[in-house]
file coords16.pdb (PDB, C-alpha atoms)
ATOM      1  CA  MET A1261      18.418   1.650  10.363
ATOM      2  CA  LYS A1262      16.038   4.536   9.638
ATOM      3  CA  LEU A1263      16.843   6.838   6.751
ATOM      4  CA  GLN A1264      16.741  10.566   7.508
ATOM      5  CA  ASN A1265      14.381  11.490   4.686
ATOM      6  CA  PRO A1266      13.414   8.429   2.656
ATOM      7  CA  LEU A1267      10.648  10.154   0.680
ATOM      8  CA  PRO A1268      10.131  10.581  -2.135
ATOM      9  CA  ARG A1269      11.360   7.103  -2.939
ATOM     10  CA  LEU A1270      11.909   6.445  -6.624
ATOM     11  CA  GLY A1271      11.053   3.131  -8.221
ATOM     12  CA  LYS A1272      11.714   2.249 -11.847
ATOM     13  CA  ARG A1273       8.385   3.690 -13.036
ATOM     14  CA  THR A1274       6.743   5.218  -9.967
ATOM     15  CA  GLN A1275       7.596   7.213  -6.893
ATOM     16  CA  LEU A1276       6.351   6.845  -3.356
ATOM     17  CA  ARG A1277       5.705  10.187  -1.727
ATOM     18  CA  ARG A1278       3.683  11.999   0.852
ATOM     19  CA  LEU A1279       0.042  12.615   0.062
ATOM     20  CA  THR A1280      -0.935  16.295   0.130
ATOM     21  CA  PRO A1281      -4.197  18.272  -0.104
ATOM     22  CA  ALA A1282      -3.187  19.104  -3.698
ATOM     23  CA  ASP A1283      -3.909  15.420  -4.494
ATOM     24  CA  LEU A1284      -7.590  15.781  -3.613
ATOM     25  CA  ALA A1285      -9.050  15.566  -7.143
ATOM     26  CA  ALA A1286      -6.939  12.578  -8.212
ATOM     27  CA  PHE A1287      -7.393  10.827  -4.848
ATOM     28  CA  GLN A1288     -11.169  11.234  -4.916
ATOM     29  CA  SER A1289     -11.342  10.198  -8.560
ATOM     30  CA  TYR A1290     -10.182   6.647  -7.855
ATOM     31  CA  ARG A1291     -11.401   6.430  -4.247
ATOM     32  CA  GLN A1292     -14.965   7.169  -5.434
ATOM     33  CA  ASP A1293     -14.818   4.354  -8.021
ATOM     34  CA  PRO A1294     -16.837   1.352  -6.720
ATOM     35  CA  GLU A1295     -14.605  -1.145  -8.553
ATOM     36  CA  VAL A1296     -11.436   0.264  -6.962
ATOM     37  CA  GLY A1297     -13.017   0.103  -3.517
ATOM     38  CA  LYS A1298     -14.704  -3.278  -3.955
ATOM     39  CA  TYR A1299     -12.218  -5.247  -1.823
ATOM     40  CA  GLN A1300     -10.796  -2.374   0.226
ATOM     41  CA  GLY A1301     -11.138  -1.721   3.930
ATOM     42  CA  TRP A1302     -11.956   1.915   3.189
ATOM     43  CA  THR A1303     -15.145   3.362   1.732
ATOM     44  CA  ALA A1304     -15.670   6.458  -0.398
ATOM     45  CA  GLN A1305     -15.722   9.658   1.665
ATOM     46  CA  SER A1306     -16.663  13.302   1.188
ATOM     47  CA  ASP A1307     -14.185  15.821  -0.202
ATOM     48  CA  ALA A1308     -13.959  17.473   3.232
ATOM     49  CA  TRP A1309     -13.053  14.167   4.892
ATOM     50  CA  ALA A1310     -10.558  13.296   2.126
ATOM     51  CA  GLU A1311      -8.857  16.695   2.351
ATOM     52  CA  LYS A1312      -8.479  16.304   6.130
ATOM     53  CA  PHE A1313      -7.093  12.779   5.629
ATOM     54  CA  LEU A1314      -4.576  13.960   3.007
ATOM     55  CA  LEU A1315      -3.389  16.702   5.347
ATOM     56  CA  GLU A1316      -2.982  14.186   8.188
ATOM     57  CA  MET A1317      -0.989  11.818   5.970
ATOM     58  CA  GLN A1318       1.204  14.670   4.768
ATOM     59  CA  GLY A1319       2.511  15.107   8.314
ATOM     60  CA  ALA A1320       2.148  11.556   9.699
ATOM     61  CA  ALA A1321       5.155   9.856  11.265
ATOM     62  CA  LEU A1322       6.778   7.289   8.998
ATOM     63  CA  PHE A1323       6.455   3.710  10.203
ATOM     64  CA  TYR A1324       5.169   4.506  13.684
ATOM     65  CA  PRO A1325       4.339   1.146  15.332
ATOM     66  CA  GLY A1326       0.639   0.311  15.370
ATOM     67  CA  GLN A1327      -0.455   3.173  13.119
ATOM     68  CA  TRP A1328      -1.450   3.023   9.461
ATOM     69  CA  LEU A1329       0.368   5.353   7.096
ATOM     70  CA  GLN A1330      -0.873   6.107   3.588
ATOM     71  CA  LEU A1331       1.746   6.978   0.955
ATOM     72  CA  GLY A1332       0.969   8.344  -2.477
ATOM     73  CA  ILE A1333       2.003   6.529  -5.635
ATOM     74  CA  GLY A1334       3.017   9.073  -8.242
ATOM     75  CA  GLU A1335       3.988   8.585 -11.859
ATOM     76  CA  LEU A1336       7.766   8.836 -12.010
ATOM     77  CA  ASP A1337       8.005  11.722 -14.485
ATOM     78  CA  SER A1338       4.901  13.768 -13.752
ATOM     79  CA  ASN A1339       4.440  12.989 -10.030
ATOM     80  CA  LEU A1340       0.693  12.746 -10.798
ATOM     81  CA  LEU A1341      -1.084  10.725  -8.088
ATOM     82  CA  ILE A1342      -2.172   7.350  -9.501
ATOM     83  CA  GLY A1343      -2.757   5.414  -6.287
ATOM     84  CA  ASP A1344      -1.766   4.909  -2.688
ATOM     85  CA  ILE A1345      -0.173   2.311  -0.450
ATOM     86  CA  ALA A1346      -1.051   1.758   3.192
ATOM     87  CA  VAL A1347       1.628   0.539   5.604
ATOM     88  CA  CYS A1348       1.247  -0.489   9.234
ATOM     89  CA  LEU A1349       4.290  -1.504  11.245
ATOM     90  CA  ALA A1350       3.280  -3.925  14.019
ATOM     91  CA  ASN A1351       3.480  -2.720  17.603
ATOM     92  CA  ASP A1352       6.382  -5.098  18.225
ATOM     93  CA  LYS A1353       8.045  -3.934  14.954
ATOM     94  CA  THR A1354       8.535  -7.522  13.736
ATOM     95  CA  HIS A1355       6.375  -7.212  10.641
ATOM     96  CA  ALA A1356       4.468  -4.721   8.548
ATOM     97  CA  GLU A1357       1.213  -5.044   6.649
ATOM     98  CA  ILE A1358       0.609  -3.352   3.314
ATOM     99  CA  GLY A1359      -2.426  -2.622   1.149
ATOM    100  CA  PHE A1360      -2.741  -0.723  -2.123
ATOM    101  CA  SER A1361      -5.235   1.068  -4.351
ATOM    102  CA  MET A1362      -4.690   2.136  -7.950
ATOM    103  CA  SER A1363      -6.528   4.448 -10.283
ATOM    104  CA  PRO A1364      -8.246   2.474 -13.079
ATOM    105  CA  ASN A1365      -6.216   4.303 -15.745
ATOM    106  CA  ALA A1366      -2.993   3.152 -14.037
ATOM    107  CA  GLN A1367      -4.008  -0.499 -13.729
ATOM    108  CA  GLY A1368      -2.612  -3.207 -15.990
ATOM    109  CA  ARG A1369       0.592  -1.286 -16.779
ATOM    110  CA  GLY A1370       2.960  -2.686 -14.136
ATOM    111  CA  LEU A1371       2.854   0.515 -12.083
ATOM    112  CA  ALA A1372       1.359  -1.116  -8.975
ATOM    113  CA  THR A1373       3.982  -3.870  -9.166
ATOM    114  CA  ASP A1374       6.735  -1.259  -9.252
ATOM    115  CA  ALA A1375       5.205   0.665  -6.339
ATOM    116  CA  VAL A1376       4.745  -2.445  -4.168
ATOM    117  CA  CYS A1377       8.342  -3.567  -4.831
ATOM    118  CA  THR A1378       9.487  -0.069  -3.893
ATOM    119  CA  VAL A1379       7.504  -0.015  -0.632
ATOM    120  CA  ILE A1380       8.800  -3.471   0.327
ATOM    121  CA  ASP A1381      12.385  -2.263  -0.119
ATOM    122  CA  LEU A1382      11.602   0.937   1.789
ATOM    123  CA  ILE A1383      10.073  -0.941   4.744
ATOM    124  CA  PHE A1384      13.020  -3.316   5.008
ATOM    125  CA  GLU A1385      15.503  -0.425   4.815
ATOM    126  CA  CYS A1386      13.737   1.839   7.318
ATOM    127  CA  THR A1387      12.387  -0.596   9.919
ATOM    128  CA  GLU A1388      13.366  -3.699  11.860
ATOM    129  CA  ALA A1389      10.521  -5.702  10.294
ATOM    130  CA  THR A1390      11.556  -9.172   9.217
ATOM    131  CA  GLN A1391       8.360  -9.874   7.280
ATOM    132  CA  ILE A1392       5.816  -7.992   5.189
ATOM    133  CA  ILE A1393       2.218  -9.167   4.960
ATOM    134  CA  GLY A1394      -0.520  -8.547   2.428
ATOM    135  CA  VAL A1395      -4.092  -9.751   2.996
ATOM    136  CA  THR A1396      -6.519 -10.000   0.093
ATOM    137  CA  ASP A1397      -9.949 -11.350  -0.654
ATOM    138  CA  ALA A1398      -9.688 -14.632  -2.577
ATOM    139  CA  ARG A1399     -11.928 -13.112  -5.280
ATOM    140  CA  ASN A1400      -9.469 -10.258  -5.902
ATOM    141  CA  LEU A1401      -7.463 -12.024  -8.592
ATOM    142  CA  ALA A1402      -5.586  -8.893  -9.693
ATOM    143  CA  SER A1403      -4.286  -8.337  -6.163
ATOM    144  CA  ILE A1404      -3.309 -11.992  -5.802
ATOM    145  CA  LYS A1405      -1.373 -11.901  -9.077
ATOM    146  CA  LEU A1406       0.399  -8.699  -8.022
ATOM    147  CA  LEU A1407       1.396 -10.093  -4.606
ATOM    148  CA  GLU A1408       2.765 -13.226  -6.258
ATOM    149  CA  ARG A1409       4.538 -11.168  -8.936
ATOM    150  CA  VAL A1410       6.493  -9.226  -6.280
ATOM    151  CA  GLY A1411       7.640 -12.457  -4.632
ATOM    152  CA  MET A1412       5.112 -12.802  -1.849
ATOM    153  CA  GLN A1413       3.888 -16.307  -1.091
ATOM    154  CA  ARG A1414       0.553 -17.412   0.292
ATOM    155  CA  SER A1415       1.059 -18.283   3.934
ATOM    156  CA  GLY A1416      -2.530 -18.874   4.948
ATOM    157  CA  SER A1417      -6.219 -18.557   4.229
ATOM    158  CA  ALA A1418      -9.135 -17.917   6.545
ATOM    159  CA  LYS A1419     -12.874 -17.535   6.336
ATOM    160  CA  ALA A1420     -13.964 -13.980   7.028
ATOM    161  CA  ILE A1421     -16.906 -11.619   6.884
ATOM    162  CA  PHE A1422     -16.274  -8.569   4.718
ATOM    163  CA  ARG A1423     -18.951  -5.898   4.432
ATOM    164  CA  GLY A1424     -21.506  -8.373   5.730
ATOM    165  CA  GLU A1425     -20.607 -11.040   3.177
ATOM    166  CA  ARG A1426     -18.792 -14.329   3.746
ATOM    167  CA  CYS A1427     -15.497 -14.628   1.961
ATOM    168  CA  VAL A1428     -12.053 -16.176   2.178
ATOM    169  CA  GLU A1429      -9.017 -13.988   2.792
ATOM    170  CA  HIS A1430      -5.543 -15.063   1.686
ATOM    171  CA  THR A1431      -2.475 -13.869   3.560
ATOM    172  CA  TYR A1432       0.713 -13.377   1.580
ATOM    173  CA  THR A1433       4.157 -12.811   3.085
ATOM    174  CA  VAL A1434       7.676 -11.967   2.092
ATOM    175  CA  ALA A1435      10.641 -12.193   4.448
ATOM    176  CA  ARG A1436      13.765 -10.110   4.789
ATOM    177  CA  THR A1437      16.950 -11.870   3.728
ATOM    178  CA  ASN A1438      20.127 -11.812   5.802
ATOM    179  CA  SER A1439      21.431  -9.090   3.492
ATOM    180  CA  GLY A1440      18.370  -6.953   4.241
ATOM    181  CA  GLY A1441      16.538  -7.363   0.947
ATOM    182  CA  VAL A1442      13.633  -9.523  -0.108
ATOM    183  CA  GLN A1443      13.904 -13.290   0.208
TER     184      GLN A1443
END

call {"tool": "encode", "arguments": {"input": "coords16.pdb", "output": "structure tokens"}}
result
Amino acid sequence: MKLQNPLPRLGKRTQLRRLTPADLAAFQSYRQDPEVGKYQGWTAQSDAWAEKFLLEMQGAALFYPGQWLQLGIGELDSNLLIGDIAVCLANDKTHAEIGFSMSPNAQGRGLATDAVCTVIDLIFECTEATQIIGVTDARNLASIKLLERVGMQRSGSAKAIFRGERCVEHTYTVARTNSGGVQ
């Protein structure tokens, strides 16, 4: 089921690829933006930390159960880093969770939609996962619209505490079809 070398993975308008230390400036540009990080599980970090993280992700195992993997989202033609997608395959390999961050100058152009569709296809092709999950804060309307646009459906909601503040988190899911694609 696993592809030998599935990266880079080309979408219609983006490509999923390994992050590298050469991405430091672009990565830090959007990861330092408070609006980009507002609903994210990560917080802005120093350049030294980010460079170490990019190096780790460059060599991280693809879809290793129980471990988060961060993939770069590059523009299709230029390969310029415009965002990243996190993927975590469950320990039992039955499902994967995804999360995404996009540079402000790449938002509102359909690029995140293309990248999320591409990662969904990649996960279903390279793993045994039968379901992909996305969790988002109910106030993050852009994320909700994107998850719905790619065919994910709300499967639950729960009260949560995020960064010391009460909120509601929505869980969205999409299931593998019998043919292996998205249902």

call {"tool": "axis_aligned_box", "arguments": {"input": "coords16.pdb", "around": "segment 1310-1328 of chain A", "padding_each_side": "6 Å", "output": "lines of an AutoDock Vina configuration file"}}
result
center_x = -1.9
center_y = 8.5
center_z = 8.7
size_x = 29.3
size_y = 28.4
size_z = 25.2

call {"tool": "resolve_selection", "arguments": {"input": "coords16.pdb", "expression": "the PyMOL selection byres ((chain A and resi 1416) around 9)", "output": "MDAnalysis selection string"}}
result
chainID A and resid 1414:1415 1417:1418 1429:1432

call {"tool": "residues_around", "arguments": {"input": "coords16.pdb", "residues": "Trp1302 of chain A", "least_positions_apart": "3", "cutoff": "12 Å", "atoms": "all atoms listed in the file", "output": "ChimeraX atom specification"}}
result
/A:1291-1294,1296-1299,1305,1310,1330,1346,1359-1361,1422-1423

call {"tool": "closest_residue", "arguments": {"input": "coords16.pdb", "among": "A:Thr1387, A:Gln1367, A:Asn1339, A:Ser1403", "to": "Leu1270 of chain A", "atoms": "only C-alpha atoms"}}
result
A:Asn1339

call {"tool": "atom_distance", "arguments": {"input": "coords16.pdb", "atom1": "atom CA of Leu1276 of chain A", "atom2": "atom CA of Gly1332 of chain A"}}
result
5.7 Å

call {"tool": "closest_residue", "arguments": {"input": "coords16.pdb", "among": "A:Gln1318, A:Thr1354, A:Asn1365, A:Gln1264", "to": "Ala1286 of chain A", "atoms": "all atoms listed in the file"}}
result
A:Asn1365

call {"tool": "closest_residue", "arguments": {"input": "coords16.pdb", "among": "A:Gly1334, A:Gly1343, A:Gly1301, A:Gly1424", "to": "Gln1275 of chain A", "atoms": "all atoms listed in the file"}}
result
A:Gly1334

call {"tool": "closest_residue", "arguments": {"input": "coords16.pdb", "among": "A:Arg1399, A:Pro1364, A:Ala1320, A:Leu1349", "to": "Phe1287 of chain A", "atoms": "all atoms listed in the file"}}
result
A:Pro1364

call {"tool": "atom_distance", "arguments": {"input": "coords16.pdb", "atom1": "atom CA of Gln1413 of chain A", "atom2": "atom CA of Thr1433 of chain A"}}
result
5.5 Å

call {"tool": "atom_distance", "arguments": {"input": "coords16.pdb", "atom1": "atom CA of Gly1370 of chain A", "atom2": "atom CA of Ala1356 of chain A"}}
result
22.8 Å

call {"tool": "closest_residue", "arguments": {"input": "coords16.pdb", "among": "A:Met1362, A:Val1347, A:Glu1316, A:Leu1329", "to": "Ser1289 of chain A", "atoms": "only C-alpha atoms"}}
result
A:Met1362

call {"tool": "resolve_selection", "arguments": {"input": "coords16.pdb", "expression": "the PyMOL selection byres ((chain A and resi 1331) around 6)", "output": "count of residues only"}}
result
7

call {"tool": "residues_around", "arguments": {"input": "coords16.pdb", "residues": "Ile1342 of chain A", "least_positions_apart": "2", "cutoff": "7 Å", "atoms": "only C-alpha atoms", "output": "PDB file with C-alpha atoms, in the frame of the given file"}}
result
ATOM      1  CA  ILE A1333       2.003   6.529  -5.635  1.00  0.00           C
ATOM      2  CA  GLY A1334       3.017   9.073  -8.242  1.00  0.00           C
ATOM      3  CA  GLU A1335       3.988   8.585 -11.859  1.00  0.00           C
ATOM      4  CA  LEU A1340       0.693  12.746 -10.798  1.00  0.00           C
ATOM      5  CA  MET A1362      -4.690   2.136  -7.950  1.00  0.00           C
ATOM      6  CA  SER A1363      -6.528   4.448 -10.283  1.00  0.00           C
ATOM      7  CA  ALA A1366      -2.993   3.152 -14.037  1.00  0.00           C
TER       8      ALA A1366
END

call {"tool": "residues_near_point", "arguments": {"input": "coords16.pdb", "point": "(4.9, -12.2, -2.8)", "cutoff": "10 Å", "atoms": "only C-alpha atoms", "output": "mmCIF file with C-alpha atoms, keeping the file's coordinate frame"}}
result
data_model
loop_
_atom_site.group_PDB
_atom_site.id
_atom_site.type_symbol
_atom_site.label_atom_id
_atom_site.label_comp_id
_atom_site.auth_asym_id
_atom_site.auth_seq_id
_atom_site.Cartn_x
_atom_site.Cartn_y
_atom_site.Cartn_z
ATOM 1 C CA VAL A 1376 4.745 -2.445 -4.168
ATOM 2 C CA CYS A 1377 8.342 -3.567 -4.831
ATOM 3 C CA ILE A 1392 5.816 -7.992 5.189
ATOM 4 C CA ILE A 1393 2.218 -9.167 4.960
ATOM 5 C CA GLY A 1394 -0.520 -8.547 2.428
ATOM 6 C CA ILE A 1404 -3.309 -11.992 -5.802
ATOM 7 C CA LYS A 1405 -1.373 -11.901 -9.077
ATOM 8 C CA LEU A 1406 0.399 -8.699 -8.022
ATOM 9 C CA LEU A 1407 1.396 -10.093 -4.606
ATOM 10 C CA GLU A 1408 2.765 -13.226 -6.258
ATOM 11 C CA ARG A 1409 4.538 -11.168 -8.936
ATOM 12 C CA VAL A 1410 6.493 -9.226 -6.280
ATOM 13 C CA GLY A 1411 7.640 -12.457 -4.632
ATOM 14 C CA MET A 1412 5.112 -12.802 -1.849
ATOM 15 C CA GLN A 1413 3.888 -16.307 -1.091
ATOM 16 C CA ARG A 1414 0.553 -17.412 0.292
ATOM 17 C CA SER A 1415 1.059 -18.283 3.934
ATOM 18 C CA THR A 1431 -2.475 -13.869 3.560
ATOM 19 C CA TYR A 1432 0.713 -13.377 1.580
ATOM 20 C CA THR A 1433 4.157 -12.811 3.085
ATOM 21 C CA VAL A 1434 7.676 -11.967 2.092
ATOM 22 C CA ALA A 1435 10.641 -12.193 4.448
ATOM 23 C CA VAL A 1442 13.633 -9.523 -0.108
ATOM 24 C CA GLN A 1443 13.904 -13.290 0.208
#

call {"tool": "residues_around", "arguments": {"input": "coords16.pdb", "residues": "Ala1420 of chain A", "least_positions_apart": "5", "cutoff": "10 Å", "atoms": "all atoms listed in the file", "output": "PyMOL selection string"}}
result
chain A and resi 1397+1425-1429

call {"tool": "closest_residue", "arguments": {"input": "coords16.pdb", "among": "A:Ala1304, A:Phe1384, A:Ala1321, A:Leu1315", "to": "Asp1283 of chain A", "atoms": "all atoms listed in the file"}}
result
A:Leu1315

call {"tool": "residues_around", "arguments": {"input": "coords16.pdb", "residues": "Cys1348 of chain A", "least_positions_apart": "3", "cutoff": "7 Å", "atoms": "all atoms listed in the file", "output": "list in words"}}
result
Phe1323, Gly1326, Gln1327, Trp1328, Leu1329, Ala1356, Glu1357 and Ile1358 of chain A

call {"tool": "build_atoms", "arguments": {"input": "coords16.pdb", "residues": "segment 1405-1424 of chain A", "atoms": "N, CA and C atoms", "output": "PDB file, in the coordinates of the input"}}
result
ATOM      1  N   LYS A1405      -2.429 -11.828  -8.057  1.00  0.00           N
ATOM      2  CA  LYS A1405      -1.373 -11.901  -9.077  1.00  0.00           C
ATOM      3  C   LYS A1405      -0.255 -10.913  -8.778  1.00  0.00           C
ATOM      4  N   LEU A1406      -0.614  -9.705  -8.343  1.00  0.00           N
ATOM      5  CA  LEU A1406       0.399  -8.699  -8.022  1.00  0.00           C
ATOM      6  C   LEU A1406       1.260  -9.164  -6.848  1.00  0.00           C
ATOM      7  N   LEU A1407       0.639  -9.644  -5.777  1.00  0.00           N
ATOM      8  CA  LEU A1407       1.396 -10.093  -4.606  1.00  0.00           C
ATOM      9  C   LEU A1407       2.346 -11.228  -4.980  1.00  0.00           C
ATOM     10  N   GLU A1408       1.896 -12.129  -5.819  1.00  0.00           N
ATOM     11  CA  GLU A1408       2.765 -13.226  -6.258  1.00  0.00           C
ATOM     12  C   GLU A1408       3.873 -12.713  -7.178  1.00  0.00           C
ATOM     13  N   ARG A1409       3.552 -11.740  -8.017  1.00  0.00           N
ATOM     14  CA  ARG A1409       4.538 -11.168  -8.936  1.00  0.00           C
ATOM     15  C   ARG A1409       5.702 -10.506  -8.185  1.00  0.00           C
ATOM     16  N   VAL A1410       5.423  -9.904  -7.036  1.00  0.00           N
ATOM     17  CA  VAL A1410       6.493  -9.226  -6.280  1.00  0.00           C
ATOM     18  C   VAL A1410       7.233 -10.174  -5.345  1.00  0.00           C
ATOM     19  N   GLY A1411       6.906 -11.466  -5.412  1.00  0.00           N
ATOM     20  CA  GLY A1411       7.640 -12.457  -4.632  1.00  0.00           C
ATOM     21  C   GLY A1411       7.003 -12.856  -3.318  1.00  0.00           C
ATOM     22  N   MET A1412       5.786 -12.407  -3.073  1.00  0.00           N
ATOM     23  CA  MET A1412       5.112 -12.802  -1.849  1.00  0.00           C
ATOM     24  C   MET A1412       4.484 -14.180  -2.063  1.00  0.00           C
ATOM     25  N   GLN A1413       4.444 -14.964  -0.995  1.00  0.00           N
ATOM     26  CA  GLN A1413       3.888 -16.307  -1.091  1.00  0.00           C
ATOM     27  C   GLN A1413       2.717 -16.447  -0.135  1.00  0.00           C
ATOM     28  N   ARG A1414       1.719 -17.200  -0.567  1.00  0.00           N
ATOM     29  CA  ARG A1414       0.553 -17.412   0.292  1.00  0.00           C
ATOM     30  C   ARG A1414       0.989 -18.198   1.519  1.00  0.00           C
ATOM     31  N   SER A1415       0.677 -17.638   2.685  1.00  0.00           N
ATOM     32  CA  SER A1415       1.059 -18.283   3.934  1.00  0.00           C
ATOM     33  C   SER A1415      -0.149 -18.751   4.732  1.00  0.00           C
ATOM     34  N   GLY A1416      -1.340 -18.429   4.245  1.00  0.00           N
ATOM     35  CA  GLY A1416      -2.530 -18.874   4.948  1.00  0.00           C
ATOM     36  C   GLY A1416      -3.791 -18.369   4.297  1.00  0.00           C
ATOM     37  N   SER A1417      -4.891 -18.966   4.689  1.00  0.00           N
ATOM     38  CA  SER A1417      -6.219 -18.557   4.229  1.00  0.00           C
ATOM     39  C   SER A1417      -7.170 -18.719   5.396  1.00  0.00           C
ATOM     40  N   ALA A1418      -8.164 -17.846   5.454  1.00  0.00           N
ATOM     41  CA  ALA A1418      -9.135 -17.917   6.545  1.00  0.00           C
ATOM     42  C   ALA A1418     -10.487 -17.418   6.061  1.00  0.00           C
ATOM     43  N   LYS A1419     -11.527 -18.023   6.604  1.00  0.00           N
ATOM     44  CA  LYS A1419     -12.874 -17.535   6.336  1.00  0.00           C
ATOM     45  C   LYS A1419     -13.039 -16.208   7.062  1.00  0.00           C
ATOM     46  N   ALA A1420     -13.767 -15.305   6.436  1.00  0.00           N
ATOM     47  CA  ALA A1420     -13.964 -13.980   7.028  1.00  0.00           C
ATOM     48  C   ALA A1420     -15.329 -13.446   6.619  1.00  0.00           C
ATOM     49  N   ILE A1421     -15.717 -12.380   7.261  1.00  0.00           N
ATOM     50  CA  ILE A1421     -16.906 -11.619   6.884  1.00  0.00           C
ATOM     51  C   ILE A1421     -16.405 -10.250   6.455  1.00  0.00           C
ATOM     52  N   PHE A1422     -16.700  -9.863   5.228  1.00  0.00           N
ATOM     53  CA  PHE A1422     -16.274  -8.569   4.718  1.00  0.00           C
ATOM     54  C   PHE A1422     -17.497  -7.841   4.193  1.00  0.00           C
ATOM     55  N   ARG A1423     -17.766  -6.686   4.784  1.00  0.00           N
ATOM     56  CA  ARG A1423     -18.951  -5.898   4.432  1.00  0.00           C
ATOM     57  C   ARG A1423     -20.228  -6.731   4.479  1.00  0.00           C
ATOM     58  N   GLY A1424     -20.319  -7.567   5.510  1.00  0.00           N
ATOM     59  CA  GLY A1424     -21.506  -8.373   5.730  1.00  0.00           C
ATOM     60  C   GLY A1424     -21.601  -9.615   4.871  1.00  0.00           C
TER      61      GLY A1424
END
